[in-house]
$ cat data-v5.txt   # compact mmCIF, C-alpha atoms and all ligand atoms
# COMPACT_ATOMS: atom_id res chain seq x y z
CA GLN O 1 27.84 116.50 170.87
CA HIS O 2 24.16 116.42 171.75
CA LEU O 3 24.45 119.63 173.76
CA LEU O 4 26.67 121.35 171.19
CA GLY O 5 23.88 120.58 168.69
CA ARG O 6 21.29 122.15 170.99
CA ILE O 7 23.45 125.24 171.42
CA GLU O 8 23.81 125.48 167.65
CA ARG O 9 20.03 125.19 167.14
CA LEU O 10 18.71 127.25 170.04
CA ASP O 11 21.31 129.76 171.12
CA GLY O 12 21.01 132.00 168.07
CA GLU O 13 17.78 133.16 169.67
CA LEU O 14 18.69 132.92 173.38
CA ASN O 15 22.18 134.46 173.09
CA SER O 16 23.31 132.77 176.31
CA PHE O 17 26.86 132.02 175.08
CA ILE O 18 29.53 134.51 174.09
CA THR O 19 32.02 131.82 173.10
CA VAL O 20 31.42 128.11 172.37
CA THR O 21 34.58 126.01 172.67
CA SER O 22 33.46 122.93 170.69
CA ASP O 23 36.88 121.49 169.83
CA ALA O 24 38.27 121.81 173.33
CA ALA O 25 35.03 120.32 174.68
CA LEU O 26 35.24 117.27 172.43
CA ASP O 27 38.89 116.75 173.46
CA ALA O 28 37.97 117.05 177.14
CA ALA O 29 35.11 114.59 176.59
CA ASP O 30 37.58 112.08 175.09
CA ARG O 31 39.81 112.47 178.13
CA ALA O 32 36.79 111.91 180.39
CA ASP O 33 35.94 108.73 178.47
CA ALA O 34 39.50 107.52 178.91
CA ALA O 35 39.41 108.30 182.65
CA ARG O 36 36.16 106.38 182.96
CA ALA O 37 37.57 103.42 181.02
CA ALA O 38 40.59 103.43 183.34
CA GLY O 39 38.33 103.39 186.41
CA ARG O 40 39.33 106.93 187.44
CA ALA O 41 35.95 108.63 187.12
CA GLY O 42 34.70 111.05 189.80
CA ALA O 43 31.32 112.70 190.26
CA LEU O 44 32.01 115.35 187.61
CA THR O 45 33.89 113.25 185.06
CA GLY O 46 32.47 114.02 181.63
CA LEU O 47 29.93 116.51 183.01
CA PRO O 48 29.29 119.25 180.43
CA LEU O 49 29.05 122.74 181.86
CA ALA O 50 29.44 126.41 181.00
CA LEU O 51 31.44 129.19 182.62
CA LYS O 52 30.34 132.78 183.03
CA ASP O 53 32.64 134.87 180.87
CA ILE O 54 34.11 136.49 183.98
CA PHE O 55 36.30 133.43 184.73
CA CYS O 56 39.69 133.57 183.06
CA THR O 57 40.22 130.59 180.75
CA GLN O 58 43.65 129.92 179.31
CA GLY O 59 43.74 130.33 175.53
CA VAL O 60 40.06 131.28 175.38
CA LYS O 61 38.55 134.74 175.07
CA THR O 62 37.44 136.14 178.44
CA SER O 63 35.38 139.27 177.82
CA ALA O 64 33.45 139.97 181.06
CA GLY O 65 30.70 141.08 178.66
CA SER O 66 32.70 144.18 177.75
CA ARG O 67 34.02 145.70 174.56
CA MET O 68 37.10 146.49 176.66
CA LEU O 69 38.02 142.78 176.70
CA ASP O 70 36.55 141.77 173.34
CA ASP O 71 40.00 140.65 172.13
CA PHE O 72 41.38 139.47 175.48
CA VAL O 73 42.57 135.87 175.54
CA SER O 74 43.55 134.90 179.06
CA PRO O 75 47.05 133.46 179.62
CA TYR O 76 45.89 131.48 182.67
CA ASP O 77 42.92 129.66 184.21
CA ALA O 78 40.94 130.90 187.21
CA SER O 79 41.16 128.58 190.24
CA VAL O 80 37.52 127.60 189.77
CA VAL O 81 38.19 126.69 186.13
CA GLU O 82 41.29 124.71 187.07
CA LYS O 83 39.43 122.77 189.75
CA LEU O 84 36.44 121.97 187.53
CA ALA O 85 38.75 120.76 184.77
CA ALA O 86 40.80 118.68 187.23
CA ALA O 87 37.53 117.06 188.35
CA GLY O 88 37.01 115.92 184.75
CA SER O 89 34.17 118.26 183.75
CA VAL O 90 33.87 119.43 180.15
CA SER O 91 33.40 123.15 179.54
CA LEU O 92 31.30 123.90 176.45
CA GLY O 93 32.06 127.61 176.57
CA LYS O 94 31.67 131.01 178.13
CA THR O 95 28.31 132.55 178.95
CA ASN O 96 26.90 135.99 178.40
CA MET O 97 26.70 138.47 181.29
CA ASP O 98 26.15 142.10 182.16
CA GLU O 99 29.32 144.06 181.48
CA PHE O 100 31.75 143.49 184.37
CA ALA O 101 28.81 141.88 186.23
CA MET O 102 27.04 145.21 186.66
CA GLY O 103 23.34 144.69 186.18
CA SER O 104 20.25 142.69 187.07
CA SER O 105 18.86 141.85 183.61
CA ASN O 106 21.77 140.97 181.31
CA GLU O 107 20.83 143.97 179.18
CA ASN O 108 24.17 145.67 179.92
CA SER O 109 26.19 143.18 177.86
CA HIS O 110 28.30 144.35 174.93
CA TYR O 111 27.14 141.11 173.25
CA GLY O 112 23.45 141.92 173.46
CA PRO O 113 20.73 140.81 175.86
CA VAL O 114 19.97 137.19 176.73
CA LYS O 115 16.40 135.95 176.45
CA ASN O 116 14.60 134.04 179.17
CA PRO O 117 13.90 130.51 177.87
CA TRP O 118 10.51 130.43 179.65
CA ASP O 119 9.32 133.54 177.85
CA LEU O 120 11.42 135.11 175.12
CA THR O 121 10.02 138.58 175.85
CA ALA O 122 11.41 138.45 179.41
CA VAL O 123 14.91 139.07 180.75
CA PRO O 124 16.81 136.11 182.27
CA GLY O 125 18.02 138.27 185.18
CA GLY O 126 21.60 139.27 185.73
CA SER O 127 24.40 139.50 185.84
CA SER O 128 24.85 135.72 185.39
CA GLY O 129 21.93 135.69 182.93
CA GLY O 130 23.70 133.64 180.26
CA SER O 131 24.56 130.87 182.74
CA ALA O 132 20.97 130.77 184.06
CA ALA O 133 19.38 130.75 180.60
CA ALA O 134 21.77 128.06 179.33
CA VAL O 135 20.85 125.73 182.21
CA ALA O 136 17.12 126.50 181.97
CA ALA O 137 17.12 125.81 178.21
CA GLY O 138 18.86 122.48 178.65
CA LEU O 139 21.98 123.62 176.79
CA VAL O 140 24.09 122.51 179.76
CA PRO O 141 23.14 120.73 182.99
CA ALA O 142 25.17 123.19 185.08
CA ALA O 143 27.01 126.48 184.87
CA MET O 144 29.19 128.68 187.02
CA GLY O 145 28.13 132.17 188.00
CA THR O 146 29.33 134.92 190.29
CA ASP O 147 27.32 136.89 192.80
CA THR O 148 28.29 140.35 194.05
CA GLY O 149 24.78 141.51 194.95
CA GLY O 150 22.49 138.75 193.68
CA SER O 151 23.91 137.77 190.31
CA ILE O 152 23.61 134.02 190.91
CA ARG O 153 20.38 133.97 192.93
CA GLN O 154 18.25 136.43 190.96
CA PRO O 155 18.87 134.95 187.47
CA ALA O 156 18.40 131.45 188.98
CA ALA O 157 15.02 132.65 190.29
CA PHE O 158 14.04 134.26 186.97
CA CYS O 159 14.98 131.14 184.99
CA GLY O 160 13.55 128.51 187.35
CA ILE O 161 16.83 126.86 188.35
CA THR O 162 18.82 126.47 191.59
CA GLY O 163 21.69 128.87 192.31
CA LEU O 164 23.98 129.02 195.34
CA LYS O 165 26.05 131.97 196.49
CA PRO O 166 28.56 130.53 198.96
CA THR O 167 29.94 132.31 202.03
CA TYR O 168 32.47 135.00 201.13
CA GLY O 169 35.85 133.25 201.16
CA ARG O 170 34.50 129.73 200.58
CA VAL O 171 35.54 129.72 196.90
CA SER O 172 38.70 131.27 195.49
CA ARG O 173 38.32 134.48 193.50
CA TYR O 174 41.69 133.99 191.77
CA GLY O 175 41.22 134.53 188.05
CA MET O 176 37.74 135.98 188.36
CA ILE O 177 37.65 139.44 186.81
CA ALA O 178 37.06 141.64 189.83
CA TYR O 179 33.99 143.82 190.17
CA ALA O 180 33.72 144.57 193.92
CA SER O 181 36.35 142.41 195.60
CA SER O 182 34.89 142.42 199.12
CA LEU O 183 31.53 141.15 197.78
CA ASP O 184 32.33 138.92 194.75
CA GLN O 185 31.86 135.20 195.16
CA ALA O 186 31.61 132.36 192.63
CA GLY O 187 29.00 129.65 192.86
CA PRO O 188 27.12 126.89 191.03
CA MET O 189 23.91 127.22 189.02
CA ALA O 190 22.15 123.96 188.15
CA ARG O 191 18.79 122.22 188.07
CA THR O 192 18.89 120.94 191.63
CA ALA O 193 20.50 121.50 195.01
CA GLU O 194 22.10 118.07 194.69
CA ASP O 195 23.87 119.16 191.50
CA CYS O 196 24.95 122.38 193.21
CA ALA O 197 26.38 120.31 196.10
CA LEU O 198 28.46 118.20 193.71
CA LEU O 199 29.82 121.33 192.04
CA LEU O 200 30.56 123.05 195.35
CA ASN O 201 32.53 119.97 196.43
CA ALA O 202 34.82 120.60 193.47
CA ILE O 203 35.27 124.37 193.73
CA ALA O 204 35.32 125.14 197.47
CA GLY O 205 38.47 125.44 199.52
CA HIS O 206 41.49 127.48 200.47
CA ASP O 207 43.70 128.93 197.74
CA LEU O 208 47.04 130.59 198.44
CA ARG O 209 46.44 132.81 195.40
CA ASP O 210 43.39 134.46 197.02
CA SER O 211 44.21 135.90 200.43
CA THR O 212 40.51 136.23 201.26
CA SER O 213 39.80 132.54 200.69
CA VAL O 214 39.28 130.78 204.01
CA ALA O 215 41.48 127.96 205.31
CA ARG O 216 38.71 125.71 206.50
CA GLY O 217 37.97 122.09 205.66
CA VAL O 218 35.60 121.31 202.82
CA PRO O 219 32.88 118.85 203.89
CA ASP O 220 31.18 116.54 201.40
CA TYR O 221 28.27 118.83 200.58
CA THR O 222 26.12 115.87 199.51
CA ALA O 223 26.41 114.14 202.91
CA GLU O 224 23.55 115.99 204.66
CA LEU O 225 21.23 116.45 201.68
CA ASP O 226 18.65 113.98 203.00
CA ALA O 227 18.80 114.98 206.67
CA PRO O 228 15.26 115.38 208.07
CA LEU O 229 13.95 118.92 208.58
CA ALA O 230 11.93 118.18 211.72
CA GLY O 231 12.72 120.89 214.28
CA LEU O 232 14.22 123.29 211.71
CA LYS O 233 13.59 126.88 212.79
CA ILE O 234 12.71 129.14 209.87
CA GLY O 235 12.66 132.92 210.19
CA LEU O 236 10.71 135.14 207.83
CA PRO O 237 12.25 138.62 207.82
CA LYS O 238 9.29 140.96 207.93
CA GLU O 239 11.16 143.50 205.81
CA TYR O 240 11.24 140.93 202.97
CA PHE O 241 7.44 140.73 202.75
CA GLY O 242 6.54 144.41 202.76
CA GLU O 243 5.81 147.09 200.24
CA GLY O 244 7.08 146.51 196.71
CA LEU O 245 6.64 142.72 196.81
CA ASP O 246 4.39 141.43 194.03
CA PRO O 247 1.41 139.79 195.84
CA ALA O 248 1.49 136.76 193.53
CA VAL O 249 5.18 136.23 194.36
CA ALA O 250 4.35 136.55 198.07
CA THR O 251 1.65 133.87 197.71
CA THR O 252 4.03 131.50 195.91
CA VAL O 253 6.69 131.96 198.60
CA HIS O 254 4.17 131.44 201.43
CA GLU O 255 2.99 128.23 199.77
CA ALA O 256 6.59 127.02 199.63
CA ILE O 257 7.04 127.82 203.31
CA GLU O 258 3.94 125.75 204.15
CA VAL O 259 5.67 122.76 202.57
CA PHE O 260 8.47 123.13 205.13
CA GLU O 261 5.91 123.20 207.93
CA THR O 262 4.52 119.87 206.71
CA LEU O 263 8.12 118.56 206.88
CA GLY O 264 8.26 119.46 210.58
CA ALA O 265 9.85 122.92 210.49
CA SER O 266 8.58 125.79 212.62
CA VAL O 267 8.16 129.29 211.23
CA ARG O 268 8.37 132.64 212.98
CA GLU O 269 8.72 136.26 211.99
CA VAL O 270 12.05 137.97 212.55
CA SER O 271 13.36 141.44 211.77
CA LEU O 272 16.39 142.66 209.83
CA PRO O 273 15.94 146.32 210.80
CA HIS O 274 18.62 147.84 208.52
CA THR O 275 17.34 146.20 205.31
CA HIS O 276 16.17 149.56 204.06
CA TYR O 277 19.78 150.81 203.91
CA ALA O 278 21.18 147.83 201.99
CA ILE O 279 20.68 149.24 198.50
CA PRO O 280 22.18 152.67 199.23
CA ALA O 281 25.13 151.12 201.11
CA TYR O 282 25.79 148.59 198.34
CA TYR O 283 25.54 151.17 195.57
CA VAL O 284 28.25 153.20 197.33
CA ILE O 285 30.60 150.32 198.26
CA ALA O 286 30.34 148.29 195.03
CA PRO O 287 31.01 151.24 192.66
CA ALA O 288 33.86 152.44 194.92
CA GLU O 289 35.60 149.08 194.66
CA ALA O 290 34.74 148.83 190.96
CA SER O 291 36.27 152.22 190.19
CA SER O 292 39.51 151.00 191.70
CA ASN O 293 39.42 147.52 190.09
CA LEU O 294 38.59 148.90 186.66
CA SER O 295 41.46 151.39 186.66
CA ARG O 296 43.68 148.60 185.25
CA PHE O 297 41.85 148.84 181.91
CA ASP O 298 43.93 151.69 180.56
CA GLY O 299 44.90 150.52 177.08
CA VAL O 300 48.51 149.94 178.11
CA ARG O 301 48.84 146.28 179.01
CA PHE O 302 45.84 144.40 177.67
CA GLY O 303 42.33 144.79 176.34
CA HIS O 304 41.02 147.49 174.05
CA ARG O 305 43.34 150.29 172.93
CA CYS O 306 42.18 153.35 170.97
CA ASP O 307 43.72 154.06 167.56
CA ASP O 308 46.68 156.46 167.26
CA PRO O 309 46.85 157.94 170.77
CA LYS O 310 48.45 161.42 170.83
CA ASP O 311 49.85 161.02 174.33
CA LEU O 312 49.27 159.04 177.50
CA ILE O 313 46.21 161.00 178.68
CA ASP O 314 44.63 160.71 175.24
CA LEU O 315 45.30 156.95 175.35
CA TYR O 316 43.55 156.60 178.73
CA GLU O 317 40.63 158.84 177.83
CA ARG O 318 39.74 157.42 174.45
CA THR O 319 40.46 153.79 175.39
CA ARG O 320 38.16 154.00 178.40
CA SER O 321 35.48 156.07 176.61
CA GLU O 322 35.33 153.53 173.80
CA GLY O 323 35.83 150.36 175.82
CA PHE O 324 33.31 150.79 178.65
CA GLY O 325 29.54 150.82 178.32
CA GLU O 326 27.18 153.34 179.87
CA GLU O 327 26.42 151.55 183.16
CA VAL O 328 30.09 150.82 183.81
CA LYS O 329 30.96 154.47 183.26
CA ARG O 330 28.17 155.53 185.62
CA ARG O 331 29.57 153.30 188.35
CA ILE O 332 33.15 154.46 187.84
CA LEU O 333 31.94 158.04 188.21
CA ILE O 334 29.94 157.21 191.36
CA GLY O 335 32.89 155.30 192.81
CA THR O 336 35.52 157.93 192.18
CA HIS O 337 33.17 160.57 193.55
CA THR O 338 32.39 158.75 196.81
CA LEU O 339 36.07 157.97 197.36
CA SER O 340 37.29 161.49 196.72
CA GLU O 341 38.54 163.83 199.40
CA GLY O 342 35.69 165.67 201.08
CA PHE O 343 33.13 162.96 200.22
CA PHE O 344 34.84 159.86 201.57
CA ASP O 345 33.56 160.21 205.17
CA ALA O 346 30.04 161.09 204.13
CA TYR O 347 29.63 158.24 201.63
CA TYR O 348 32.19 155.46 201.64
CA LYS O 349 32.93 155.44 205.38
CA LYS O 350 29.25 155.78 206.26
CA ALA O 351 28.36 152.93 203.90
CA GLN O 352 30.96 150.71 205.59
CA GLN O 353 29.43 151.50 208.99
CA VAL O 354 25.98 150.62 207.65
CA ARG O 355 27.44 147.41 206.25
CA ARG O 356 28.50 146.39 209.74
CA LEU O 357 24.96 147.00 211.05
CA ILE O 358 23.47 144.92 208.25
CA ARG O 359 25.82 142.06 209.05
CA GLN O 360 24.88 142.29 212.72
CA ASP O 361 21.15 142.11 211.82
CA PHE O 362 21.78 138.69 210.25
CA LEU O 363 23.94 137.44 213.12
CA ASP O 364 21.20 138.46 215.59
CA ALA O 365 18.55 136.68 213.48
CA PHE O 366 20.65 133.49 213.35
CA GLU O 367 20.70 133.47 217.18
CA GLN O 368 16.96 132.81 216.96
CA VAL O 369 16.50 130.69 213.82
CA ASP O 370 18.46 128.25 211.64
CA VAL O 371 17.62 129.72 208.26
CA LEU O 372 15.82 132.72 206.81
CA MET O 373 13.39 132.43 203.92
CA GLY O 374 11.86 134.93 201.58
CA PRO O 375 11.54 135.81 197.91
CA ALA O 376 14.72 136.04 195.80
CA SER O 377 13.28 138.98 193.89
CA PRO O 378 10.22 141.23 194.36
CA THR O 379 8.78 140.25 190.97
CA PRO O 380 9.11 137.45 188.43
CA ALA O 381 11.29 138.17 185.38
CA PHE O 382 10.33 141.52 183.88
CA ASP O 383 10.05 142.31 180.16
CA LEU O 384 13.14 143.12 178.11
CA GLY O 385 13.48 146.90 178.02
CA ALA O 386 11.04 147.43 180.90
CA LYS O 387 13.51 149.04 183.32
CA SER O 388 15.27 151.81 181.52
CA ASP O 389 16.18 153.96 184.50
CA PRO O 390 19.09 152.74 186.62
CA VAL O 391 17.43 153.28 190.01
CA SER O 392 14.42 151.06 189.21
CA MET O 393 16.94 148.39 188.17
CA TYR O 394 18.90 148.79 191.43
CA LEU O 395 15.70 148.39 193.45
CA GLN O 396 15.35 144.88 191.99
CA ASP O 397 18.23 143.81 194.24
CA ILE O 398 16.47 144.54 197.54
CA TYR O 399 16.36 140.90 198.78
CA THR O 400 19.76 139.75 197.53
CA ILE O 401 22.21 142.56 198.18
CA ALA O 402 22.37 142.57 202.00
CA VAL O 403 23.57 138.96 201.89
CA ASN O 404 26.78 139.98 200.10
CA LEU O 405 27.33 142.91 202.46
CA ALA O 406 27.13 140.40 205.34
CA GLY O 407 29.20 137.70 203.56
CA ILE O 408 26.65 134.95 204.33
CA PRO O 409 25.54 132.20 201.92
CA GLY O 410 22.21 132.13 200.08
CA ILE O 411 20.45 129.80 197.69
CA SER O 412 17.56 130.39 195.32
CA VAL O 413 15.28 127.43 194.70
CA PRO O 414 12.43 127.22 192.15
CA ALA O 415 9.15 127.70 194.03
CA GLY O 416 6.50 128.01 191.32
CA PHE O 417 5.30 130.25 188.52
CA VAL O 418 3.44 133.53 188.17
CA ASP O 419 1.93 134.07 184.72
CA GLY O 420 4.23 131.44 183.25
CA ARG O 421 7.38 133.00 184.71
CA PRO O 422 9.37 131.24 187.46
CA VAL O 423 9.58 132.46 191.06
CA GLY O 424 12.50 131.70 193.37
CA LEU O 425 12.45 130.99 197.10
CA GLN O 426 15.59 132.34 198.74
CA VAL O 427 17.05 130.52 201.74
CA LEU O 428 19.78 132.20 203.81
CA GLY O 429 22.06 130.80 206.47
CA THR O 430 24.86 131.99 208.70
CA HIS O 431 28.51 131.96 207.53
CA PHE O 432 29.56 128.51 206.23
CA ALA O 433 26.03 127.07 206.51
CA GLU O 434 26.09 125.82 202.89
CA GLU O 435 25.44 122.22 203.96
CA ARG O 436 22.26 123.29 205.74
CA LEU O 437 21.07 125.43 202.80
CA LEU O 438 21.62 122.58 200.35
CA ASN O 439 19.83 120.17 202.70
CA VAL O 440 16.82 122.51 203.03
CA ALA O 441 16.67 123.11 199.28
CA HIS O 442 17.07 119.41 198.49
CA ARG O 443 14.25 118.32 200.81
CA PHE O 444 11.98 120.88 199.15
CA GLN O 445 12.85 119.61 195.68
N1 LIG M 501 22.60 143.85 190.31
C1 LIG M 501 23.72 144.12 191.16
C2 LIG M 501 24.65 145.11 190.47
O1 LIG M 501 24.34 145.53 189.43
C3 LIG M 501 24.44 142.85 191.48
C4 LIG M 501 25.25 142.31 190.38
C5 LIG M 501 26.10 141.16 190.78
O2 LIG M 501 25.80 140.44 191.73
N2 LIG M 501 27.21 141.00 190.07
O3 LIG M 501 25.67 145.46 190.97
$ encode --input "data-v5.txt" --output "structure tokens"
Amino acid sequence: QHLLGRIERLDGELNSFITVTSDAALDAADRADAARAAGRAGALTGLPLALKDIFCTQGVKTSAGSRMLDDFVSPYDASVVEKLAAAGSVSLGKTNMDEFAMGSSNENSHYGPVKNPWDLTAVPGGSSGGSAAAVAAGLVPAAMGTDTGGSIRQPAAFCGITGLKPTYGRVSRYGMIAYASSLDQAGPMARTAEDCALLLNAIAGHDLRDSTSVARGVPDYTAELDAPLAGLKIGLPKEYFGEGLDPAVATTVHEAIEVFETLGASVREVSLPHTHYAIPAYYVIAPAEASSNLSRFDGVRFGHRCDDPKDLIDLYERTRSEGFGEEVKRRILIGTHTLSEGFFDAYYKKAQQVRRLIRQDFLDAFEQVDVLMGPASPTPAFDLGAKSDPVSMYLQDIYTIAVNLAGIPGISVPAGFVDGRPVGLQVLGTHFAEERLLNVAHRFQ
């Protein structure tokens, strides 16, 4: 009730929620009280949280930030939603996001931009901007996001919270509205690494309904949080500290790295030589997959449908013209172009080859060091409306995108402020190194 009151008072301005499910939340809270009274409480029993509006929630609108799904009420729960509910958590609602998770500022939402709670003239980052802003503003202690190219880590950095993108396959994608299926991964956004560990305990694991989820045991992610960092080998990718990085952000990140040295870690420079190709490769692969995934929104089965279609083609054309926003249309066009005959080899196939090289860069680096560290984003949160051309927005993703192409995990941890706006330190590890990332982040906090 306390948090629902805060949402009521503060979210008119922040716009971090698309849907608030007060009644269902109060019912779930009663059930949590009963579980506690019966001695059946777990770590998440009664924990209020919010879900990015990309997770299907039974009986609750699931919009993915799009006009296309403005009237879509999901008939089933995503696996992540099911698991969080089974653990006794209490969802307060669904958070705002860039349409179909395409964006880095939350300005591509059909429901309007979200404001950054630290500075209302700044963006919260994207695409999980609503989840990040809701946690930062104290509307919920934790929220779920998804990360296809940085959408958990970059908004976490911009809003001064902790956000973890797990290894691809660690968390089931079942019931998550697909953007780019080979890159999408759900993860926790919270105040601390410890909170993220508790949430990851609940959501990780194999799921028969997602063939890309990995059949591998789930450790207790809180077990190693306090492990000492003496002897930890940290690599600083030189490509993550070059041109384009705001010098004040660089200073903040270097100061954070010095803290690890005082904790007994050693630091050395490493190279990820194909970093330069990550943005072009991603912005071929992600739109290609998106153009295929978004073909299901045709006005026939669910979602928006245009009025009085003349025939089937008219139904498709007007439904999709009306239902999708500008950035989504741009990506569908890019994706269908790069997949079309005559262009496939030059773009899509080439991008997949580059993807393999990028993955190998990381694997080579992890032969030498335990973790990589660098900035989560080249700048702190920028002003609302500051990046009107798409390419300058895409360039924002330079430090986050390669991680998804490689499938490795990454965490963004608050590292300080520049001009009153938060800066995130990003820590990367090899596949399934979540325990180590949480440990490193926890010792820093
Ligand atoms: N900013 C990137 C994009 O627009 C990443 C978004 C995401 O991770 N969902 O595609």
$ residues_near_ligand --input "data-v5.txt" --ligand "ligand LIG 501 (chain M)" --cutoff "9 Å" --atoms "only C-alpha atoms and all ligand atoms" --output "ChimeraX atom specification"
/O:98,100-105,125-128,146-154,179-180,183-185,282-283,286-287,327,393-397,400-401,404
$ residues_around --input "data-v5.txt" --residues "O:Gly187" --least-positions-apart "6" --cutoff "10 Å" --atoms "only C-alpha atoms" --output "ChimeraX atom specification"
/O:80,143-147,151-153,163-167,170-171,196,199-200,203-204,411
$ closest_residue --input "data-v5.txt" --among "O:Ala223, O:Ala248, O:Ala290, O:Leu363" --to "O:Arg436" --atoms "all atoms listed in the file"
O:Ala223
$ closest_residue --input "data-v5.txt" --among "O:Thr379, O:Ser271, O:Gln445, O:Ser392" --to "O:Pro247" --atoms "only C-alpha atoms"
O:Thr379
$ atom_distance --input "data-v5.txt" --atom1 "atom CA of O:Gln426" --atom2 "atom CA of O:Pro141"
21.0 Å
$ atom_distance --input "data-v5.txt" --atom1 "atom CA of O:Ala193" --atom2 "atom CA of O:Arg443"
9.1 Å
$ atom_distance --input "data-v5.txt" --atom1 "atom CA of O:Asp226" --atom2 "atom CA of O:Ser213"
28.2 Å
$ residues_around --input "data-v5.txt" --residues "O:Gly46" --least-positions-apart "2" --cutoff "7 Å" --atoms "all atoms listed in the file" --output "VMD selection string"
chain O and resid 29 32 44 48 88 to 90
$ residues_near_point --input "data-v5.txt" --point "(23.1, 131.4, 205.8)" --cutoff "6 Å" --atoms "only C-alpha atoms" --output "list of chain:residue names"
O:Ile408, O:Pro409, O:Gly410, O:Leu428, O:Gly429, O:Thr430, O:His431, O:Ala433
$ write_last_selection --input "data-v5.txt" --atoms "C-alpha atoms" --output "mmCIF file, keeping the file's coordinate frame"
data_model
loop_
_atom_site.group_PDB
_atom_site.id
_atom_site.type_symbol
_atom_site.label_atom_id
_atom_site.label_comp_id
_atom_site.auth_asym_id
_atom_site.auth_seq_id
_atom_site.Cartn_x
_atom_site.Cartn_y
_atom_site.Cartn_z
ATOM 1 C CA ILE O 408 26.650 134.950 204.330
ATOM 2 C CA PRO O 409 25.540 132.200 201.920
ATOM 3 C CA GLY O 410 22.210 132.130 200.080
ATOM 4 C CA LEU O 428 19.780 132.200 203.810
ATOM 5 C CA GLY O 429 22.060 130.800 206.470
ATOM 6 C CA THR O 430 24.860 131.990 208.700
ATOM 7 C CA HIS O 431 28.510 131.960 207.530
ATOM 8 C CA ALA O 433 26.030 127.070 206.510
#
$ residues_around --input "data-v5.txt" --residues "O:Gln352" --least-positions-apart "3" --cutoff "8 Å" --atoms "all atoms listed in the file" --output "compact mmCIF listing (two decimals) with C-alpha atoms, keeping the file's coordinate frame"
# COMPACT_ATOMS: atom_id res chain seq x y z
CA ALA O 281 25.13 151.12 201.11
CA ILE O 285 30.60 150.32 198.26
CA TYR O 348 32.19 155.46 201.64
CA LYS O 349 32.93 155.44 205.38
CA ARG O 355 27.44 147.41 206.25
CA ARG O 356 28.50 146.39 209.74
$ residues_around --input "data-v5.txt" --residues "stretch 316-325 of chain O" --least-positions-apart "2" --cutoff "6 Å" --atoms "only C-alpha atoms" --output "VMD selection string"
chain O and resid 67 to 68 298 to 299 305 to 306 313 to 314 327 to 328
$ residues_around --input "data-v5.txt" --residues "O:Ala136" --least-positions-apart "3" --cutoff "8 Å" --atoms "all atoms listed in the file" --output "ChimeraX atom specification"
/O:117,132-133,139,159-161,191
$ write_last_selection --input "data-v5.txt" --atoms "C-alpha atoms" --output "mmCIF file, in the frame of the given file"
data_model
loop_
_atom_site.group_PDB
_atom_site.id
_atom_site.type_symbol
_atom_site.label_atom_id
_atom_site.label_comp_id
_atom_site.auth_asym_id
_atom_site.auth_seq_id
_atom_site.Cartn_x
_atom_site.Cartn_y
_atom_site.Cartn_z
ATOM 1 C CA PRO O 117 13.900 130.510 177.870
ATOM 2 C CA ALA O 132 20.970 130.770 184.060
ATOM 3 C CA ALA O 133 19.380 130.750 180.600
ATOM 4 C CA LEU O 139 21.980 123.620 176.790
ATOM 5 C CA CYS O 159 14.980 131.140 184.990
ATOM 6 C CA GLY O 160 13.550 128.510 187.350
ATOM 7 C CA ILE O 161 16.830 126.860 188.350
ATOM 8 C CA ARG O 191 18.790 122.220 188.070
#
$ closest_residue --input "data-v5.txt" --among "O:Thr262, O:Gln58, O:Asn106, O:Thr251" --to "O:Ala85" --atoms "only C-alpha atoms"
O:Gln58
